[in-house]
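Visitor: Following this message is one structure expressed as structure tokens.
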Amino acid sequence: MRKAWVVVAAVGGLGTSFVALLVIGTYSAAAGLAGAAGQSVGLAKGAVPAKYQPLVRQWGNLCPAINPALLAAQLYQESGWNPTAQSPANAKGIAQFIPGTWAAHAVDGNNDGVKDIWNPEDAIPSAASYDCELAGYVKDVPGDQTSNMLAAYNAGAYAVIKYGGVPPYSETQNYVKIIRTLEQSFAAPVGRVAPSKQAASAIHFAQQKLGTPYLWGGNGTADQGGRFDCSGLTQAAYRTVGIELPRVANDQYNAGAHPARDELLPGDLVFFSDDLTNSRLIRHVGIYVGGGYMINAPYTGSVIRFDKIDTPDYFGATRVTEDGAKSLPTALPESRPEA
């Protein structure tokens, strides 16, 4: 939910023609924004909670098979950055190590003489070290070194060696695809982010809801009078184009790569937070329509409307992709903090 003080005044009297002009104008100005993909360099703004960024940056460069964004993707997939997470399978901590694996592969990352599965200063280095061990086991296997390492993490090094690459197991192939896709959402883009193919239809849906009263927890169902809250609106908008986003705003942030403010295109999700260093604390989301405006469901007592995005709590943006949305965890271990 967005605090009322963020928005000085609603943009009234803006209708379909206004949206069309913004969309056309923004896409025209953005011609050529999509560029050739490059290697990920650095972490996207706030994607990794600030207290873990130094560890992820340091240990994410431990060997050529990993990078900080890839390590971040694994940690997010495993625990959602929750250092006290524990799964039904007894996987523990921010990196979700099984005790037996921890006993064999843990490192004392902070050099305090203790290998503590619950301490991110040990668990994050141990996750990186374990990745690099696996990469070493499959270093002579043809194909992409990082994908082979991830396949070894999921299916075992023997299977990767046997099949000469990622084995033909649907679970393993899906795991590799998920982590490599999530990697893109944690990486600071090197080039321009490709435009979304579904953006126009998502905007059209949101546009039809202008003037609808806000409802905390609203999903737009008939029993709720067709009302939405902020993330309920964005979820419903992208559902109309076959993309299923998570329900809460901070999880929606990881559904794609993150264009810079001057690279925004209509359809991008734009996010707001009181803490600009931690995407897990995002509390509001809207759909960018161009010209510095978004459609959003702001707060109780308001209606779905246009608002400016350039406010002190602007966090960043996500260009949603189908693969990006599919890569997001549907169920993380218990004790996961909620946005």
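If you're wondering about the labels, chains in the structure tokens are A, B, ... by order shown, residues count from 1 in each chain, ligands from 1 in order shown.
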Write out as a PDB file with C-alpha atoms, in the first residue's frame all residues of segment 236-271 of chain A that DSSP puts in helix (DSSP H, G or I) for this structure's backbone.
Guide:
ATOM      1  CA  ALA A 236      -4.656  -9.221 -12.909  1.00  0.00           C
ATOM      2  CA  ALA A 237      -3.367  -7.043 -15.757  1.00  0.00           C
ATOM      3  CA  TYR A 238      -0.604  -9.467 -16.681  1.00  0.00           C
ATOM      4  CA  ARG A 239      -2.848 -12.487 -16.155  1.00  0.00           C
ATOM      5  CA  ALA A 249       4.706  -6.431  -4.913  1.00  0.00           C
ATOM      6  CA  ASN A 250       8.166  -7.366  -3.652  1.00  0.00           C
ATOM      7  CA  ASP A 251       7.988 -10.766  -5.379  1.00  0.00           C
ATOM      8  CA  GLN A 252       6.761  -9.170  -8.603  1.00  0.00           C
ATOM      9  CA  ARG A 261      14.545   5.269 -15.195  1.00  0.00           C
ATOM     10  CA  ASP A 262      15.405   6.795 -18.580  1.00  0.00           C
ATOM     11  CA  GLU A 263      14.796   3.449 -20.327  1.00  0.00           C
TER      12      GLU A 263
END
Visitor: Write out as an MDAnalysis selection string each polymer residue whose atoms come within 9 Å of segment 292-301 of chain A, counting only C-alpha atoms; drop sequence neighbours fewer than 6 positions from it.
Guide: chainID A and resid 1:4 7 22 203 206:207 210 212:216 228:234 264 266 269:270 284:286 307:310
Visitor: Using only C-alpha atoms, which residue out of A:Val193, A:Ala325, A:Arg305, A:Asp275 lies closest to Pro246 of chain A?
Guide: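 Among the listed residues, the smallest separation from Pro246 of chain A belongs to A:Ala325.
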Visitor: What does the distance between atom CA of Tyr253 of chain A and atom CA of Gly218 of chain A come to in Å, to one decimal place?
Guide: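 Computing the Euclidean distance for atom CA of Tyr253 of chain A and atom CA of Gly218 of chain A yields 19.2 Å.
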Visitor: Would you list the contacts of segment 74-76 of chain A as a list in words, taking every protein, DNA or RNA residue within 9 Å and counting only C-alpha atoms, but skipping same-chain residues closer than 4 positions in sequence?
Guide: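 In the requested form, the answer reads Val48, Ala69, Leu70, Gly80, Trp81, Asn82, Ile94, Ala95, Gln96, Ile124, Ala127, Ile179, Leu182, Glu183, Pro329 and Leu332 of chain A.
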Visitor: Just to confirm, what's the straight-line distance from atom CA of Ser170 of chain A to atom CA of Ala151 of chain A in Å (one decimal)?
Guide: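 Spanning atom CA of Ser170 of chain A to atom CA of Ala151 of chain A is a straight-line distance of 11.0 Å.
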Visitor: For Leu43 of chain A, which of A:Ala155, A:Ala91, A:Val241, A:Ala188 is the closest residue, counting only C-alpha atoms?
Guide: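 Checking each candidate against Leu43 of chain A, we get A:Ala188 as the closest.
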Visitor: If you run DSSP over the backbone, which residues in segment 73-315 of chain A end up strand (DSSP E or B)? Put them as a PyMOL selection string.
Guide: chain A and resi 86+92+97+187+213-214+219+228+256-257+269-272+284-290+293-296+303+305-308+314-315
Visitor: Would you save the residues from that selection as a short mmCIF file (atom, residue, chain, number, x, y, z; two decimals), in the first residue's frame, using N, CA, C and O atoms?
Guide:
data_model
loop_
_atom_site.label_atom_id
_atom_site.label_comp_id
_atom_site.auth_asym_id
_atom_site.auth_seq_id
_atom_site.Cartn_x
_atom_site.Cartn_y
_atom_site.Cartn_z
N GLN A 86 13.57 -22.76 7.34
CA GLN A 86 13.76 -24.20 7.50
C GLN A 86 12.66 -24.92 6.73
O GLN A 86 11.47 -24.65 6.93
N LYS A 92 18.25 -25.93 5.93
CA LYS A 92 18.31 -24.86 6.92
C LYS A 92 19.05 -23.63 6.40
O LYS A 92 20.01 -23.73 5.64
N PHE A 97 20.89 -25.50 3.26
CA PHE A 97 21.74 -26.68 3.27
C PHE A 97 21.09 -27.80 4.07
O PHE A 97 20.58 -27.57 5.18
N ALA A 187 20.80 -9.17 -11.96
CA ALA A 187 21.95 -8.53 -12.59
C ALA A 187 21.62 -7.11 -13.04
O ALA A 187 20.53 -6.84 -13.53
N PRO A 213 -12.76 1.95 -6.97
CA PRO A 213 -12.25 2.16 -5.61
C PRO A 213 -11.22 1.11 -5.19
O PRO A 213 -11.31 -0.06 -5.57
N TYR A 214 -10.24 1.55 -4.43
CA TYR A 214 -9.19 0.69 -3.90
C TYR A 214 -9.76 -0.25 -2.83
O TYR A 214 -10.66 0.13 -2.07
N ASN A 219 -8.57 -8.54 -5.25
CA ASN A 219 -8.15 -9.28 -6.44
C ASN A 219 -9.06 -9.05 -7.62
O ASN A 219 -8.92 -9.71 -8.65
N PHE A 228 -9.43 -3.67 -6.43
CA PHE A 228 -8.06 -4.16 -6.35
C PHE A 228 -7.25 -3.36 -5.34
O PHE A 228 -7.57 -2.21 -5.05
N GLY A 256 11.57 -10.15 -14.02
CA GLY A 256 12.24 -9.75 -15.25
C GLY A 256 13.42 -8.86 -14.95
O GLY A 256 13.76 -8.62 -13.79
N ALA A 257 14.04 -8.36 -16.00
CA ALA A 257 15.19 -7.46 -15.85
C ALA A 257 14.72 -6.06 -15.45
O ALA A 257 13.53 -5.74 -15.52
N LEU A 269 6.57 -2.57 -14.81
CA LEU A 269 6.10 -2.38 -13.45
C LEU A 269 7.06 -1.44 -12.73
O LEU A 269 8.28 -1.58 -12.86
N VAL A 270 6.52 -0.49 -11.99
CA VAL A 270 7.34 0.46 -11.24
C VAL A 270 7.04 0.29 -9.75
O VAL A 270 5.89 0.11 -9.35
N PHE A 271 8.10 0.36 -8.95
CA PHE A 271 8.02 -0.03 -7.55
C PHE A 271 8.45 1.10 -6.62
O PHE A 271 9.29 1.93 -6.99
N PHE A 272 7.93 1.05 -5.40
CA PHE A 272 8.16 2.11 -4.42
C PHE A 272 8.41 1.49 -3.05
O PHE A 272 7.81 0.47 -2.69
N HIS A 284 4.79 -0.95 -2.78
CA HIS A 284 3.80 -0.46 -3.74
C HIS A 284 4.29 -0.70 -5.16
O HIS A 284 5.49 -0.67 -5.44
N VAL A 285 3.32 -0.94 -6.07
CA VAL A 285 3.65 -1.19 -7.47
C VAL A 285 2.57 -0.58 -8.35
O VAL A 285 1.40 -0.52 -7.97
N GLY A 286 2.99 -0.10 -9.52
CA GLY A 286 2.06 0.40 -10.52
C GLY A 286 2.52 -0.02 -11.91
O GLY A 286 3.58 -0.63 -12.07
N ILE A 287 1.72 0.29 -12.93
CA ILE A 287 2.06 -0.03 -14.32
C ILE A 287 2.39 1.26 -15.04
O ILE A 287 1.54 2.17 -15.16
N TYR A 288 3.61 1.36 -15.53
CA TYR A 288 4.06 2.56 -16.22
C TYR A 288 3.32 2.70 -17.55
O TYR A 288 3.15 1.72 -18.29
N VAL A 289 2.88 3.93 -17.86
CA VAL A 289 2.18 4.16 -19.13
C VAL A 289 2.90 5.17 -20.01
O VAL A 289 2.45 5.45 -21.12
N GLY A 290 4.02 5.73 -19.54
CA GLY A 290 4.77 6.69 -20.33
C GLY A 290 4.64 8.10 -19.79
O GLY A 290 3.75 8.41 -18.98
N TYR A 293 4.21 8.83 -15.94
CA TYR A 293 2.99 8.46 -15.22
C TYR A 293 2.81 6.94 -15.17
O TYR A 293 3.28 6.20 -16.04
N MET A 294 2.07 6.52 -14.16
CA MET A 294 1.67 5.12 -14.02
C MET A 294 0.17 5.07 -13.74
O MET A 294 -0.44 6.03 -13.29
N ILE A 295 -0.42 3.89 -13.99
CA ILE A 295 -1.75 3.56 -13.46
C ILE A 295 -1.52 2.72 -12.22
O ILE A 295 -0.75 1.75 -12.25
N ASN A 296 -2.18 3.10 -11.12
CA ASN A 296 -1.99 2.35 -9.89
C ASN A 296 -3.21 2.45 -8.99
O ASN A 296 -4.07 3.32 -9.15
N VAL A 303 -8.98 5.82 -5.58
CA VAL A 303 -9.44 5.00 -6.71
C VAL A 303 -8.24 4.70 -7.59
O VAL A 303 -7.19 5.35 -7.51
N ARG A 305 -6.01 5.13 -10.55
CA ARG A 305 -5.83 6.43 -11.21
C ARG A 305 -4.42 6.55 -11.78
O ARG A 305 -3.57 5.67 -11.60
N PHE A 306 -4.16 7.67 -12.46
CA PHE A 306 -2.83 8.02 -12.91
C PHE A 306 -2.09 8.75 -11.80
O PHE A 306 -2.66 9.62 -11.13
N ASP A 307 -0.83 8.43 -11.60
CA ASP A 307 0.04 9.18 -10.69
C ASP A 307 1.42 9.29 -11.30
O ASP A 307 1.84 8.43 -12.10
N LYS A 308 2.15 10.33 -10.91
CA LYS A 308 3.54 10.47 -11.33
C LYS A 308 4.41 9.45 -10.58
O LYS A 308 4.12 9.10 -9.45
N TYR A 314 10.56 6.24 -5.09
CA TYR A 314 10.68 5.41 -6.30
C TYR A 314 11.87 4.48 -6.16
O TYR A 314 13.00 4.91 -5.94
N PHE A 315 11.61 3.17 -6.30
CA PHE A 315 12.65 2.16 -6.09
C PHE A 315 13.30 1.72 -7.39
O PHE A 315 14.51 1.62 -7.50
#
Visitor: Interatomic distance between atom CA of Arg280 of chain A and atom CA of Tyr52 of chain A?
Guide: 12.3 Å
Visitor: Compile the contact shell of segment 105-121 of chain A as a list in words: residues with an atom at most 7 Å away, counting only C-alpha atoms, same-chain residues fewer than 2 positions apart removed.
Guide: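 In the requested format, the answer is Pro83, Thr84, Lys92, Gly93, Ile94, Thr101, Trp102, Ala103, Ala123, Ile124, Pro125, Ser126 and Tyr130 of chain A.
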Visitor: Keeping only all heavy atoms, write those residues as a short mmCIF file (atom, residue, chain, number, x, y, z; two decimals), in the first residue's frame.
Guide:
data_model
loop_
_atom_site.label_atom_id
_atom_site.label_comp_id
_atom_site.auth_asym_id
_atom_site.auth_seq_id
_atom_site.Cartn_x
_atom_site.Cartn_y
_atom_site.Cartn_z
N PRO A 83 17.33 -15.83 6.65
CA PRO A 83 18.40 -16.61 7.28
C PRO A 83 17.90 -17.64 8.29
O PRO A 83 18.67 -18.51 8.71
CB PRO A 83 19.27 -15.55 7.95
CG PRO A 83 18.34 -14.43 8.22
CD PRO A 83 17.36 -14.42 7.06
N THR A 84 16.63 -17.57 8.68
CA THR A 84 16.09 -18.53 9.64
C THR A 84 15.15 -19.54 8.97
O THR A 84 14.44 -20.28 9.67
CB THR A 84 15.34 -17.81 10.78
OG1 THR A 84 14.20 -17.13 10.24
CG2 THR A 84 16.24 -16.81 11.48
N LYS A 92 18.25 -25.93 5.93
CA LYS A 92 18.31 -24.86 6.92
C LYS A 92 19.05 -23.63 6.40
O LYS A 92 20.01 -23.73 5.64
CB LYS A 92 19.02 -25.37 8.18
CG LYS A 92 18.32 -26.54 8.86
CD LYS A 92 19.10 -27.03 10.07
CE LYS A 92 18.38 -28.18 10.77
NZ LYS A 92 19.14 -28.66 11.96
N GLY A 93 18.58 -22.47 6.88
CA GLY A 93 19.30 -21.23 6.67
C GLY A 93 19.07 -20.58 5.32
O GLY A 93 18.28 -21.04 4.49
N ILE A 94 19.79 -19.51 5.09
CA ILE A 94 19.60 -18.69 3.90
C ILE A 94 19.94 -19.44 2.62
O ILE A 94 19.38 -19.18 1.56
CB ILE A 94 20.44 -17.40 4.01
CG1 ILE A 94 19.95 -16.35 3.01
CG2 ILE A 94 21.93 -17.68 3.84
CD1 ILE A 94 20.54 -14.97 3.25
N THR A 101 25.03 -32.34 3.83
CA THR A 101 25.79 -31.58 2.83
C THR A 101 26.60 -30.49 3.51
O THR A 101 27.75 -30.22 3.14
CB THR A 101 24.83 -30.96 1.79
OG1 THR A 101 24.01 -31.98 1.23
CG2 THR A 101 25.61 -30.27 0.69
N TRP A 102 26.00 -29.85 4.51
CA TRP A 102 26.72 -28.82 5.26
C TRP A 102 27.97 -29.39 5.91
O TRP A 102 29.04 -28.79 5.85
CB TRP A 102 25.80 -28.20 6.31
CG TRP A 102 26.45 -27.14 7.13
CD1 TRP A 102 26.99 -27.27 8.39
CD2 TRP A 102 26.69 -25.77 6.75
NE1 TRP A 102 27.53 -26.09 8.82
CE2 TRP A 102 27.36 -25.16 7.83
CE3 TRP A 102 26.39 -25.03 5.62
CZ2 TRP A 102 27.73 -23.81 7.80
CZ3 TRP A 102 26.77 -23.70 5.58
CH2 TRP A 102 27.43 -23.10 6.67
N ALA A 103 27.83 -30.54 6.53
CA ALA A 103 28.97 -31.16 7.22
C ALA A 103 30.13 -31.43 6.27
O ALA A 103 31.30 -31.31 6.63
CB ALA A 103 28.53 -32.45 7.91
N ALA A 123 27.07 -19.26 5.55
CA ALA A 123 26.22 -19.97 4.60
C ALA A 123 26.39 -19.48 3.17
O ALA A 123 26.42 -20.28 2.23
CB ALA A 123 24.75 -19.86 5.03
N ILE A 124 26.49 -18.17 2.98
CA ILE A 124 26.66 -17.64 1.62
C ILE A 124 28.01 -18.05 1.04
O ILE A 124 28.07 -18.53 -0.11
CB ILE A 124 26.44 -16.11 1.59
CG1 ILE A 124 24.96 -15.80 1.89
CG2 ILE A 124 26.85 -15.51 0.25
CD1 ILE A 124 24.64 -14.32 2.02
N PRO A 125 29.12 -17.89 1.77
CA PRO A 125 30.39 -18.41 1.25
C PRO A 125 30.35 -19.91 0.98
O PRO A 125 30.95 -20.39 0.01
CB PRO A 125 31.38 -18.07 2.36
CG PRO A 125 30.79 -16.89 3.05
CD PRO A 125 29.32 -17.13 3.02
N SER A 126 29.65 -20.65 1.83
CA SER A 126 29.58 -22.10 1.63
C SER A 126 28.81 -22.45 0.37
O SER A 126 29.16 -23.39 -0.35
CB SER A 126 28.92 -22.77 2.85
OG SER A 126 29.73 -22.60 4.01
N TYR A 130 30.49 -24.47 -2.63
CA TYR A 130 29.90 -25.72 -3.10
C TYR A 130 29.64 -25.66 -4.61
O TYR A 130 29.91 -26.62 -5.34
CB TYR A 130 28.61 -25.99 -2.34
CG TYR A 130 27.97 -27.33 -2.63
CD1 TYR A 130 28.73 -28.49 -2.71
CD2 TYR A 130 26.60 -27.43 -2.84
CE1 TYR A 130 28.14 -29.72 -2.96
CE2 TYR A 130 25.99 -28.65 -3.11
CZ TYR A 130 26.78 -29.79 -3.17
OH TYR A 130 26.19 -31.01 -3.42
#
